[in-house]
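Undergrad: query_31.cif is the file, holding mmCIF, C-alpha atoms:
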data_data
loop_
_atom_site.group_PDB
_atom_site.id
_atom_site.type_symbol
_atom_site.label_atom_id
_atom_site.label_comp_id
_atom_site.auth_asym_id
_atom_site.auth_seq_id
_atom_site.Cartn_x
_atom_site.Cartn_y
_atom_site.Cartn_z
ATOM 1 C CA SER N 1 57.894 -46.266 10.092
ATOM 2 C CA GLU N 2 57.234 -45.955 13.817
ATOM 3 C CA TYR N 3 57.553 -42.183 13.474
ATOM 4 C CA GLN N 4 55.092 -42.246 10.596
ATOM 5 C CA TRP N 5 52.717 -44.347 12.645
ATOM 6 C CA GLU N 6 53.041 -41.907 15.589
ATOM 7 C CA ALA N 7 52.373 -38.927 13.267
ATOM 8 C CA GLU N 8 49.259 -40.616 11.830
ATOM 9 C CA ARG N 9 48.082 -41.497 15.326
ATOM 10 C CA ASP N 10 48.570 -37.893 16.508
ATOM 11 C CA ASP N 11 46.804 -36.616 13.394
ATOM 12 C CA LEU N 12 43.886 -39.003 13.986
ATOM 13 C CA ALA N 13 43.767 -38.043 17.675
ATOM 14 C CA ALA N 14 43.638 -34.352 16.726
ATOM 15 C CA LYS N 15 40.886 -35.037 14.185
ATOM 16 C CA HIS N 16 39.070 -37.114 16.779
ATOM 17 C CA ASN N 17 39.240 -34.236 19.289
ATOM 18 C CA LEU N 18 37.991 -31.777 16.660
ATOM 19 C CA ALA N 19 35.140 -34.121 15.768
ATOM 20 C CA ALA N 20 34.269 -34.615 19.460
ATOM 21 C CA ASN N 21 34.254 -30.831 20.016
ATOM 22 C CA ARG N 22 32.087 -30.361 16.939
ATOM 23 C CA ILE N 23 29.679 -33.034 18.176
ATOM 24 C CA GLN N 24 29.424 -31.262 21.546
ATOM 25 C CA GLU N 25 28.757 -27.950 19.802
ATOM 26 C CA LEU N 26 26.083 -29.535 17.621
ATOM 27 C CA GLU N 27 24.452 -31.248 20.629
ATOM 28 C CA ARG N 28 24.472 -27.915 22.504
ATOM 29 C CA ALA N 29 22.928 -26.209 19.454
ATOM 30 C CA VAL N 30 20.259 -28.941 19.279
ATOM 31 C CA GLN N 31 19.457 -28.456 23.003
ATOM 32 C CA GLU N 32 19.236 -24.676 22.540
ATOM 33 C CA ALA N 33 17.011 -25.136 19.493
ATOM 34 C CA LYS N 34 14.732 -27.463 21.477
ATOM 35 C CA ALA N 35 14.539 -24.938 24.333
ATOM 36 C CA ARG N 36 13.761 -22.167 21.831
ATOM 37 C CA GLU N 37 11.105 -24.379 20.231
ATOM 38 C CA ARG N 38 9.489 -24.994 23.645
ATOM 39 C CA GLU N 39 9.577 -21.267 24.389
ATOM 40 C CA LEU N 40 8.021 -20.381 21.013
ATOM 41 C CA SER N 41 5.385 -23.080 21.470
ATOM 42 C CA ARG N 42 4.550 -21.690 24.930
ATOM 43 C CA THR N 43 4.368 -18.158 23.482
ATOM 44 C CA CYS N 44 2.054 -19.332 20.687
ATOM 45 C CA ASP N 45 -0.160 -21.123 23.209
ATOM 46 C CA ASP N 46 -0.312 -17.975 25.381
ATOM 47 C CA GLN N 47 -1.207 -15.809 22.390
ATOM 48 C CA THR N 48 -3.806 -18.324 21.241
ATOM 49 C CA GLY N 49 -5.392 -18.199 24.698
ATOM 50 C CA LYS N 50 -5.379 -14.404 24.683
ATOM 51 C CA LEU N 51 -6.902 -14.300 21.202
ATOM 52 C CA GLU N 52 -9.595 -16.761 22.229
ATOM 53 C CA GLN N 53 -10.401 -14.686 25.307
ATOM 54 C CA MET N 54 -10.535 -11.506 23.205
ATOM 55 C CA ARG N 55 -12.832 -13.248 20.718
ATOM 56 C CA ARG N 56 -15.151 -14.300 23.539
ATOM 57 C CA THR N 57 -15.120 -10.741 24.912
ATOM 58 C CA MET N 58 -15.946 -9.337 21.455
ATOM 59 C CA ASP N 59 -18.709 -11.930 20.992
ATOM 60 C CA ASP N 60 -20.191 -10.898 24.353
ATOM 61 C CA GLN N 61 -19.959 -7.212 23.412
ATOM 62 C CA GLU N 62 -21.502 -7.914 20.009
ATOM 63 C CA ARG N 63 -24.363 -9.839 21.623
ATOM 64 C CA GLU N 64 -24.921 -7.040 24.144
ATOM 65 C CA LEU N 65 -24.722 -4.402 21.408
ATOM 66 C CA ASN N 66 -27.224 -6.310 19.226
ATOM 67 C CA GLN N 67 -29.631 -6.558 22.158
ATOM 68 C CA LYS N 68 -29.310 -2.832 22.773
ATOM 69 C CA ILE N 69 -29.782 -2.138 19.076
ATOM 70 C CA GLU N 70 -32.971 -4.218 19.083
ATOM 71 C CA ARG N 71 -34.222 -2.397 22.187
ATOM 72 C CA VAL N 72 -33.402 0.987 20.635
ATOM 73 C CA GLN N 73 -35.132 0.093 17.376
ATOM 74 C CA HIS N 74 -38.167 -1.237 19.263
ATOM 75 C CA TYR N 75 -38.199 1.854 21.457
ATOM 76 C CA VAL N 76 -37.942 4.176 18.433
ATOM 77 C CA LYS N 77 -40.850 2.360 16.720
ATOM 78 C CA GLU N 78 -43.015 2.691 19.841
ATOM 79 C CA ARG N 79 -42.230 6.385 20.155
ATOM 80 C CA GLN N 80 -42.938 6.982 16.468
ATOM 81 C CA ALA N 81 -46.295 5.207 16.781
ATOM 82 C CA GLY N 82 -47.142 7.269 19.899
ATOM 83 C CA ALA N 83 -46.271 10.525 18.115
ATOM 84 C CA MET N 84 -48.292 9.757 14.955
ATOM 85 C CA HIS N 85 -50.599 12.807 15.308
ATOM 86 C CA ALA N 86 -47.863 15.288 16.223
ATOM 87 C CA GLU N 87 -46.287 15.994 12.811
ATOM 88 C CA LYS N 88 -43.230 17.875 13.991
ATOM 89 C CA LYS N 89 -42.479 15.397 16.776
ATOM 90 C CA GLN N 90 -42.764 12.520 14.330
ATOM 91 C CA GLN N 91 -40.333 14.152 11.880
ATOM 92 C CA ASP N 92 -37.839 14.752 14.704
ATOM 93 C CA ALA N 93 -38.125 11.129 15.812
ATOM 94 C CA GLU N 94 -37.569 9.897 12.231
ATOM 95 C CA ARG N 95 -34.474 12.048 11.823
ATOM 96 C CA LEU N 96 -33.202 10.807 15.155
ATOM 97 C CA ALA N 97 -33.867 7.194 14.142
ATOM 98 C CA GLU N 98 -31.967 7.704 10.877
ATOM 99 C CA ARG N 99 -28.990 9.094 12.769
ATOM 100 C CA TRP N 100 -29.041 6.127 15.136
ATOM 101 C CA GLN N 101 -29.360 3.649 12.299
ATOM 102 C CA GLY N 102 -26.359 5.282 10.626
ATOM 103 C CA GLU N 103 -24.447 4.980 13.891
ATOM 104 C CA VAL N 104 -25.540 1.365 14.233
ATOM 105 C CA ARG N 105 -24.397 0.635 10.645
ATOM 106 C CA ARG N 106 -21.073 2.326 11.369
ATOM 107 C CA LEU N 107 -20.597 0.264 14.531
ATOM 108 C CA GLN N 108 -21.585 -2.912 12.712
ATOM 109 C CA THR N 109 -18.994 -2.117 10.044
ATOM 110 C CA GLU N 110 -16.435 -1.476 12.766
ATOM 111 C CA ARG N 111 -17.399 -4.743 14.447
ATOM 112 C CA ASP N 112 -16.922 -6.596 11.141
ATOM 113 C CA ARG N 113 -13.552 -4.909 10.667
ATOM 114 C CA LEU N 114 -12.482 -5.949 14.166
ATOM 115 C CA ALA N 115 -13.665 -9.509 13.529
ATOM 116 C CA LYS N 116 -11.516 -9.570 10.363
ATOM 117 C CA THR N 117 -8.570 -8.246 12.382
ATOM 118 C CA VAL N 118 -9.032 -11.092 14.873
ATOM 119 C CA HIS N 119 -9.190 -13.577 12.003
ATOM 120 C CA ASP N 120 -5.972 -12.156 10.505
ATOM 121 C CA LEU N 121 -4.302 -12.308 13.910
ATOM 122 C CA GLU N 122 -5.113 -15.997 14.170
ATOM 123 C CA GLY N 123 -3.200 -16.612 10.935
ATOM 124 C CA ASN N 124 -0.286 -14.357 11.877
ATOM 125 C CA ARG N 125 -0.108 -14.133 15.667
ATOM 126 C CA ASN N 126 3.269 -12.471 16.184
ATOM 127 C CA GLY N 127 3.490 -8.703 16.590
ATOM 128 C CA GLN N 128 -0.194 -7.839 16.108
ATOM 129 C CA VAL N 129 -1.669 -8.285 19.614
ATOM 130 C CA THR N 130 -0.966 -4.626 20.493
ATOM 131 C CA GLU N 131 -2.883 -3.405 17.444
ATOM 132 C CA LEU N 132 -5.876 -5.548 18.382
ATOM 133 C CA HIS N 133 -5.795 -4.219 21.958
ATOM 134 C CA ALA N 134 -5.925 -0.658 20.598
ATOM 135 C CA ALA N 135 -8.835 -1.515 18.280
ATOM 136 C CA LEU N 136 -10.662 -3.277 21.107
ATOM 137 C CA GLU N 137 -10.134 -0.288 23.419
ATOM 138 C CA LYS N 138 -11.467 2.036 20.718
ATOM 139 C CA ASN N 139 -14.497 -0.214 20.308
ATOM 140 C CA LYS N 140 -15.091 -0.176 24.079
ATOM 141 C CA GLN N 141 -14.926 3.620 24.080
ATOM 142 C CA GLU N 142 -17.382 3.799 21.180
ATOM 143 C CA VAL N 143 -19.723 1.367 22.960
ATOM 144 C CA ALA N 144 -19.509 3.553 26.093
ATOM 145 C CA SER N 145 -20.190 6.609 23.940
ATOM 146 C CA LEU N 146 -23.153 4.855 22.330
ATOM 147 C CA ARG N 147 -24.485 3.915 25.761
ATOM 148 C CA GLU N 148 -24.315 7.540 26.840
ATOM 149 C CA ALA N 149 -25.945 8.673 23.611
ATOM 150 C CA LEU N 150 -28.671 6.037 24.040
ATOM 151 C CA ARG N 151 -29.270 7.257 27.582
ATOM 152 C CA LYS N 152 -29.608 10.858 26.352
ATOM 153 C CA LYS N 153 -31.856 9.755 23.498
ATOM 154 C CA ASP N 154 -34.011 7.837 25.955
ATOM 155 C CA GLU N 155 -34.354 10.939 28.130
ATOM 156 C CA ASP N 156 -35.194 13.084 25.074
ATOM 157 C CA ALA N 157 -37.743 10.556 23.832
ATOM 158 C CA LYS N 158 -39.346 10.309 27.293
ATOM 159 C CA SER N 159 -39.549 14.086 27.519
ATOM 160 C CA SER N 160 -41.008 14.301 24.004
ATOM 161 C CA SER N 161 -43.530 11.571 24.786
ATOM 162 C CA LEU N 162 -44.546 13.301 28.022
ATOM 163 C CA GLU N 163 -45.067 16.596 26.189
ATOM 164 C CA LEU N 164 -47.198 14.838 23.570
ATOM 165 C CA LEU N 165 -49.271 13.080 26.231
ATOM 166 C CA GLN N 166 -49.808 16.370 28.081
ATOM 167 C CA GLN N 167 -50.793 18.077 24.835
ATOM 168 C CA ARG N 168 -53.294 15.316 24.012
ATOM 169 C CA ASP N 169 -54.651 15.409 27.546
ATOM 170 C CA GLU N 170 -55.142 19.173 27.301
ATOM 171 C CA GLU N 171 -56.864 18.792 23.903
ATOM 172 C CA PHE N 172 -59.111 16.075 25.326
ATOM 173 C CA GLN N 173 -59.967 18.185 28.399
ATOM 174 C CA ALA N 174 -60.735 21.139 26.123
ATOM 175 C CA LYS N 175 -63.098 18.966 24.034
ATOM 176 C CA VAL N 176 -64.777 17.604 27.163
ATOM 177 C CA ASN N 177 -65.216 21.115 28.575
ATOM 178 C CA LEU N 178 -66.565 22.320 25.231
ATOM 179 C CA GLU N 179 -69.093 19.452 25.143
ATOM 180 C CA LYS N 180 -70.130 20.191 28.728
ATOM 181 C CA GLN N 181 -70.606 23.859 27.874
ATOM 182 C CA ARG N 182 -72.701 22.969 24.811
ATOM 183 C CA GLU N 183 -74.765 20.575 26.894
ATOM 184 C CA LYS N 184 -75.286 23.318 29.462
ATOM 185 C CA ASP N 185 -76.215 25.823 26.766
ATOM 186 C CA ARG N 186 -78.775 23.386 25.306
ATOM 187 C CA SER N 187 -80.386 22.762 28.659
ATOM 188 C CA ILE N 188 -80.846 26.514 29.325
#
Turn the structure described in the file into structure tokens.
TA:
Amino acid sequence: SEYQWEAERDDLAAKHNLAANRIQELERAVQEAKARERELSRTCDDQTGKLEQMRRTMDDQERELNQKIERVQHYVKERQAGAMHAEKKQQDAERLAERWQGEVRRLQTERDRLAKTVHDLEGNRNGQVTELHAALEKNKQEVASLREALRKKDEDAKSSSLELLQQRDEEFQAKVNLEKQREKDRSI
């Protein structure tokens, strides 16, 4: 009976040790899970901050692009009005405006696509930040390209306008000289 009691006690002690070891393992696993949770939470917060910053950057670029688009459209309208009497110049300006409007529509579509990408990234943050960086870089390059194209267009339009003004000035001087000659002829 004492032997039986000793055997039961040893068995219980062994089970107790196993249970204690298991409890320590579970507590360690809980601590690791909590650390992992904190790390994931920190990562999510970092990515949220980066996404918010990228959204602000894109909003700023969109605002700047819209202002430039408005200036370009206003500029094109002024140049078209100034070139009303020069048929060929007006047709060139209209074709140029159509090309720019197509480019503007393409960039607006691209901007909308990037905005959707940002929205999708907010719902599924993991693994997509690199793709957004690439799209944002592409957009920056296109904006830089558009700036350069706008600068060239501005130079072309200024040159065209100057030619038109010189042509009109020459026509006006010719008319004035003709009137002076007629006046001289009448007085003779």
Undergrad: Which is closer to Gln53 (chain N) than all the others in N:Ala14, N:Val104, N:Val118, N:Leu96, using only C-alpha atoms?
TA: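 Selected residue with least distance to Gln53 (chain N): N:Val118.
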Undergrad: So what do you get for CA of Ala144 (chain N) versus CA of Arg71 (chain N), distance-wise?
TA: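 Computing it gives 16.3 Å between the two atoms.
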Undergrad: Edge lengths and centre in Å to one decimal, as AutoDock Vina command-line options, is what I'm after for the box along x, y and z that holds all listed atoms of region 170-184 of chain N once 5 Å is added on each side.
TA:
--center_x -65.2 --center_y 20.0 --center_z 26.7 --size_x 30.1 --size_y 17.8 --size_z 15.6
Undergrad: For CA of Arg147 (chain N) and CA of Leu65 (chain N), determine how far apart the two atoms are, in Å to one decimal place.
TA: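 These two atoms are separated by 9.4 Å.
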Undergrad: Taking the file as shown, find all residues satisfying the PyMOL selection byres ((chain N and resi 129-138) around 12) and write them as an mmCIF file with C-alpha atoms, in the coordinates of the input.
TA:
data_model
loop_
_atom_site.group_PDB
_atom_site.id
_atom_site.type_symbol
_atom_site.label_atom_id
_atom_site.label_comp_id
_atom_site.auth_asym_id
_atom_site.auth_seq_id
_atom_site.Cartn_x
_atom_site.Cartn_y
_atom_site.Cartn_z
ATOM 1 C CA CYS N 44 2.054 -19.332 20.687
ATOM 2 C CA ASP N 46 -0.312 -17.975 25.381
ATOM 3 C CA GLN N 47 -1.207 -15.809 22.390
ATOM 4 C CA THR N 48 -3.806 -18.324 21.241
ATOM 5 C CA GLY N 49 -5.392 -18.199 24.698
ATOM 6 C CA LYS N 50 -5.379 -14.404 24.683
ATOM 7 C CA LEU N 51 -6.902 -14.300 21.202
ATOM 8 C CA GLU N 52 -9.595 -16.761 22.229
ATOM 9 C CA GLN N 53 -10.401 -14.686 25.307
ATOM 10 C CA MET N 54 -10.535 -11.506 23.205
ATOM 11 C CA ARG N 55 -12.832 -13.248 20.718
ATOM 12 C CA THR N 57 -15.120 -10.741 24.912
ATOM 13 C CA MET N 58 -15.946 -9.337 21.455
ATOM 14 C CA ASP N 59 -18.709 -11.930 20.992
ATOM 15 C CA GLN N 61 -19.959 -7.212 23.412
ATOM 16 C CA GLU N 62 -21.502 -7.914 20.009
ATOM 17 C CA LEU N 107 -20.597 0.264 14.531
ATOM 18 C CA GLU N 110 -16.435 -1.476 12.766
ATOM 19 C CA ARG N 111 -17.399 -4.743 14.447
ATOM 20 C CA ASP N 112 -16.922 -6.596 11.141
ATOM 21 C CA ARG N 113 -13.552 -4.909 10.667
ATOM 22 C CA LEU N 114 -12.482 -5.949 14.166
ATOM 23 C CA ALA N 115 -13.665 -9.509 13.529
ATOM 24 C CA LYS N 116 -11.516 -9.570 10.363
ATOM 25 C CA THR N 117 -8.570 -8.246 12.382
ATOM 26 C CA VAL N 118 -9.032 -11.092 14.873
ATOM 27 C CA HIS N 119 -9.190 -13.577 12.003
ATOM 28 C CA ASP N 120 -5.972 -12.156 10.505
ATOM 29 C CA LEU N 121 -4.302 -12.308 13.910
ATOM 30 C CA GLU N 122 -5.113 -15.997 14.170
ATOM 31 C CA ASN N 124 -0.286 -14.357 11.877
ATOM 32 C CA ARG N 125 -0.108 -14.133 15.667
ATOM 33 C CA ASN N 126 3.269 -12.471 16.184
ATOM 34 C CA GLY N 127 3.490 -8.703 16.590
ATOM 35 C CA GLN N 128 -0.194 -7.839 16.108
ATOM 36 C CA ASN N 139 -14.497 -0.214 20.308
ATOM 37 C CA LYS N 140 -15.091 -0.176 24.079
ATOM 38 C CA GLN N 141 -14.926 3.620 24.080
ATOM 39 C CA GLU N 142 -17.382 3.799 21.180
ATOM 40 C CA VAL N 143 -19.723 1.367 22.960
ATOM 41 C CA ALA N 144 -19.509 3.553 26.093
ATOM 42 C CA SER N 145 -20.190 6.609 23.940
#
Undergrad: Between CA of Val30 (chain N) and CA of Arg42 (chain N), what is the distance in Å, rounded to a tenth?
TA: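 Computing the Euclidean distance for CA of Val30 (chain N) and CA of Arg42 (chain N) yields 18.2 Å.
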